[in-house]
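Here the structure is laid out as structure tokens; the discussion comes afterwards.
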Amino acid sequence: LEKLVGDDSTKGDYKVLIAQGIIQEYQNKQEFTTALSWVEKVKQVYPKSKFLDNIKNNENAIKQPVLTIKFEPSTLANQPIHIVADYKNVSQFSLNIYEVKSDYQGFMKYIYRSWEKSNFTNLKKDLVRKESYNLTDKKDYKTYKTSLEIAPLPSGIYVGEYVVEGNVQ
């Protein structure tokens with residue numbers, strides 16, 4: 001495939017599609033820096049291609065920061081809380097922890113439909129703590145996993161949100 005794209009005797013947008021296949025192969029092998037070098041080559045050689053958006057999508061998939069937090073659904077009061085962070089291209093995030101004191105009906109609505117942003121926004125809650133965590137970003141575009149700890153909280157019902165690069169999750 002690389003020879004086909006490198007052959008200067010013919011030109012055309014089909015080479016962008018072939019290069020996309022090459023980039024995807026390098027992504028599958030987790031050779032992200034090589035994939036990004038191919039992205040740059042294609043962007044320079046075929047800046048007006050109709051298929052360049054496909055290449056830019058591959059680039060965004062490699063470079064975009066990703067953070068997924070996994071946590072215990074229930075914990076013991078006054079005991080540390082264990083969380084696991086799966087991350088890529090993230091060096092720091094913060095966690096906002098809120099206590100739900102009296103809006104139990106709103107909390108139940110949030111539990112059953114947590115994907116609806118309005119349920120979290122409308123929930124009556126008080127900010128208890130904001131914790132920041134530093135992660136080791138090796139700048140290699142690979143996904144890593146680490147174990148973290150939240151300091152103990154008193155007995156109660158809590159919800160949280162995490163912030164990555166100023167974006168609330």
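Ligands are numbered from 1 in the order shown, residues from 1 within each chain, and chains are lettered A, B, ... in the order they appear in the structure tokens.
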
For this session: Determine, counting only C-alpha atoms, which protein, DNA and RNA residues have an atom within 10 Å of an atom of segment 87-97 of chain A; residues of the same chain fewer than 5 positions away are not included. Present the result as JSON, numbers by chain.
Result: {"A": [62, 63, 64, 65, 66, 67, 68, 69, 125, 126, 127, 128, 129, 130, 131, 132, 133, 134, 135, 136, 137, 138, 139, 140, 141, 142, 143, 144, 145, 146, 150, 153, 158, 159, 160, 161, 162, 163, 164, 165, 166, 167, 168, 169]}

Could you write those residues out with N, CA and C atoms, as a tab-separated table (two decimals), in the first residue's frame?
chain	number	residue	atom	x	y	z
A	62	ILE	N	-6.73	9.93	17.14
A	62	ILE	CA	-5.44	9.68	17.79
A	62	ILE	C	-5.14	10.73	18.85
A	63	LYS	N	-5.38	12.00	18.53
A	63	LYS	CA	-4.95	13.11	19.39
A	63	LYS	C	-5.95	13.50	20.47
A	64	GLN	N	-7.21	13.15	20.31
A	64	GLN	CA	-8.24	13.61	21.24
A	64	GLN	C	-8.01	13.06	22.65
A	65	PRO	N	-8.11	13.93	23.67
A	65	PRO	CA	-8.01	13.44	25.05
A	65	PRO	C	-9.23	12.61	25.42
A	66	VAL	N	-8.99	11.49	26.10
A	66	VAL	CA	-10.06	10.59	26.52
A	66	VAL	C	-9.82	10.21	27.98
A	67	LEU	N	-10.87	10.30	28.78
A	67	LEU	CA	-10.79	9.89	30.18
A	67	LEU	C	-12.08	9.19	30.55
A	68	THR	N	-11.96	7.99	31.08
A	68	THR	CA	-13.10	7.24	31.58
A	68	THR	C	-12.82	6.88	33.03
A	69	ILE	N	-13.76	7.20	33.90
A	69	ILE	CA	-13.62	6.92	35.33
A	69	ILE	C	-14.54	5.76	35.70
A	125	LYS	N	-27.92	19.96	44.95
A	125	LYS	CA	-26.69	19.38	45.51
A	125	LYS	C	-25.77	20.50	45.97
A	126	ASP	N	-24.88	20.18	46.90
A	126	ASP	CA	-23.91	21.14	47.43
A	126	ASP	C	-22.50	20.62	47.18
A	127	LEU	N	-21.64	21.50	46.65
A	127	LEU	CA	-20.24	21.12	46.42
A	127	LEU	C	-19.56	20.86	47.76
A	128	VAL	N	-19.01	19.65	47.89
A	128	VAL	CA	-18.34	19.27	49.13
A	128	VAL	C	-16.83	19.43	48.98
A	129	ARG	N	-16.32	19.00	47.82
A	129	ARG	CA	-14.88	18.97	47.65
A	129	ARG	C	-14.54	18.95	46.16
A	130	LYS	N	-13.39	19.52	45.87
A	130	LYS	CA	-12.84	19.45	44.52
A	130	LYS	C	-11.45	18.84	44.65
A	131	GLU	N	-11.25	17.71	43.99
A	131	GLU	CA	-9.95	17.03	44.05
A	131	GLU	C	-9.31	17.05	42.68
A	132	SER	N	-8.00	17.24	42.65
A	132	SER	CA	-7.25	17.23	41.39
A	132	SER	C	-6.30	16.04	41.37
A	133	TYR	N	-6.15	15.47	40.20
A	133	TYR	CA	-5.28	14.31	40.02
A	133	TYR	C	-4.35	14.56	38.84
A	134	ASN	N	-3.10	14.20	39.02
A	134	ASN	CA	-2.13	14.27	37.93
A	134	ASN	C	-1.91	12.87	37.39
A	135	LEU	N	-1.89	12.75	36.08
A	135	LEU	CA	-1.68	11.47	35.42
A	135	LEU	C	-0.39	11.54	34.62
A	136	THR	N	0.21	10.40	34.38
A	136	THR	CA	1.43	10.33	33.58
A	136	THR	C	1.05	10.21	32.11
A	137	ASP	N	1.19	11.30	31.39
A	137	ASP	CA	0.92	11.29	29.95
A	137	ASP	C	2.25	11.14	29.23
A	138	LYS	N	2.47	9.99	28.63
A	138	LYS	CA	3.74	9.70	27.97
A	138	LYS	C	3.83	10.28	26.56
A	139	LYS	N	2.80	11.00	26.13
A	139	LYS	CA	2.77	11.65	24.82
A	139	LYS	C	2.96	10.65	23.67
A	140	ASP	N	2.48	9.41	23.86
A	140	ASP	CA	2.60	8.40	22.81
A	140	ASP	C	1.23	8.01	22.25
A	141	TYR	N	0.19	8.71	22.67
A	141	TYR	CA	-1.18	8.54	22.17
A	141	TYR	C	-1.79	7.19	22.52
A	142	LYS	N	-1.22	6.47	23.46
A	142	LYS	CA	-1.76	5.17	23.86
A	142	LYS	C	-2.65	5.34	25.09
A	143	THR	N	-3.52	4.36	25.32
A	143	THR	CA	-4.42	4.37	26.46
A	143	THR	C	-3.74	3.70	27.65
A	144	TYR	N	-3.87	4.31	28.81
A	144	TYR	CA	-3.30	3.78	30.04
A	144	TYR	C	-4.38	3.67	31.11
A	145	LYS	N	-4.10	2.90	32.14
A	145	LYS	CA	-5.03	2.69	33.23
A	145	LYS	C	-4.26	2.88	34.54
A	146	THR	N	-4.89	3.57	35.48
A	146	THR	CA	-4.27	3.75	36.78
A	146	THR	C	-5.33	3.72	37.88
A	150	ILE	N	-9.99	8.52	46.34
A	150	ILE	CA	-10.68	9.71	46.82
A	150	ILE	C	-10.63	9.66	48.35
A	153	LEU	N	-15.20	10.19	52.75
A	153	LEU	CA	-16.34	11.10	52.89
A	153	LEU	C	-17.23	10.59	54.01
A	158	TYR	N	-23.73	11.00	47.42
A	158	TYR	CA	-22.86	11.91	46.68
A	158	TYR	C	-22.95	11.64	45.18
A	159	VAL	N	-22.79	12.69	44.43
A	159	VAL	CA	-22.65	12.60	42.97
A	159	VAL	C	-21.41	13.40	42.61
A	160	GLY	N	-20.91	13.13	41.43
A	160	GLY	CA	-19.70	13.84	41.02
A	160	GLY	C	-19.66	14.09	39.54
A	161	GLU	N	-18.75	14.97	39.18
A	161	GLU	CA	-18.46	15.24	37.78
A	161	GLU	C	-16.96	15.47	37.68
A	162	TYR	N	-16.40	15.09	36.55
A	162	TYR	CA	-14.98	15.34	36.39
A	162	TYR	C	-14.73	16.31	35.25
A	163	VAL	N	-13.64	17.04	35.38
A	163	VAL	CA	-13.32	18.11	34.44
A	163	VAL	C	-11.97	17.80	33.79
A	164	VAL	N	-11.98	17.74	32.45
A	164	VAL	CA	-10.77	17.49	31.67
A	164	VAL	C	-10.60	18.65	30.71
A	165	GLU	N	-9.48	19.35	30.82
A	165	GLU	CA	-9.18	20.49	29.97
A	165	GLU	C	-10.33	21.49	29.92
A	166	GLY	N	-10.92	21.76	31.08
A	166	GLY	CA	-12.00	22.74	31.18
A	166	GLY	C	-13.37	22.23	30.75
A	167	ASN	N	-13.47	21.00	30.28
A	167	ASN	CA	-14.75	20.43	29.86
A	167	ASN	C	-15.31	19.53	30.94
A	168	VAL	N	-16.52	19.81	31.37
A	168	VAL	CA	-17.16	19.02	32.42
A	168	VAL	C	-17.73	17.75	31.80
A	169	GLN	N	-17.48	16.63	32.48
A	169	GLN	CA	-17.97	15.32	32.02
A	169	GLN	C	-19.03	14.84	33.01

Exercise. Neighbours of segment 78-82 of chain A within 8 Å (only C-alpha atoms; same-chain residues fewer than 3 positions away dropped), as number ranges by chain?
Worked result: A: 71-72, 75, 147-155

For this session: Would you return as JSON, numbers by chain the members of chain A that DSSP assigns to strand (DSSP E or B) on this structure's backbone?
Result: {"A": [66, 67, 68, 69, 70, 71, 81, 82, 83, 84, 85, 86, 87, 88, 92, 93, 94, 95, 96, 97, 98, 99, 100, 126, 127, 128, 129, 130, 131, 132, 133, 134, 144, 145, 146, 147, 148, 149, 150, 157, 158, 159, 160, 161, 162, 163, 164, 167, 168]}

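Take atom CA of Gly12 of chain A and atom CA of Lys48 of chain A: the distance between them is 10.9 Å.
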
For this session: Please provide as a count of residues only all residues within 10 Å of Ala19 of chain A, with the sequence filter that same-chain residues fewer than 3 positions apart are discarded (counting only C-alpha atoms).
Result: 19

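The nearest approach to Lys56 of chain A among the residues A:Glu31, A:Gln20, A:Tyr110, A:Tyr26, with only C-alpha atoms taken into account, belongs to A:Gln20.
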
For this session: Could you jot down the atom CA of Ile157 of chain A to atom CA of Lys124 of chain A separation for me, Å, one decimal place?
Result: 11.7 Å

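Distances from A:Gly156, A:Val100, A:Thr121, A:Asn58 to Ser37 of chain A were compared using only C-alpha atoms, and the smallest one belongs to A:Asn58.
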
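Between Val84 of chain A and the candidates A:Arg113, A:Lys70, A:Tyr98, A:Asp53, the tightest atom-to-atom separation, counting only C-alpha atoms, involves A:Lys70.
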
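Counting only C-alpha atoms and comparing A:Ala85, A:Gly21, A:Lys11, A:Pro73, the residue that lies closest to Asn54 of chain A is A:Gly21.
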
Exercise. As a VMD selection string, which residues of segment 12-160 of chain A does DSSP assign to alpha helix (DSSP H)?
Worked result: chain A and resid 14 to 28 32 to 45 52 to 63 104 to 112 117 to 122

Problem set entry | Residue among A:Ser49, A:Leu17, A:Leu123, A:Asp86 lying closest to Tyr104 of chain A, counting only C-alpha atoms | A:Leu123

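Note that atom CA of Tyr46 of chain A and atom CA of Asp8 of chain A are 12.9 Å apart.
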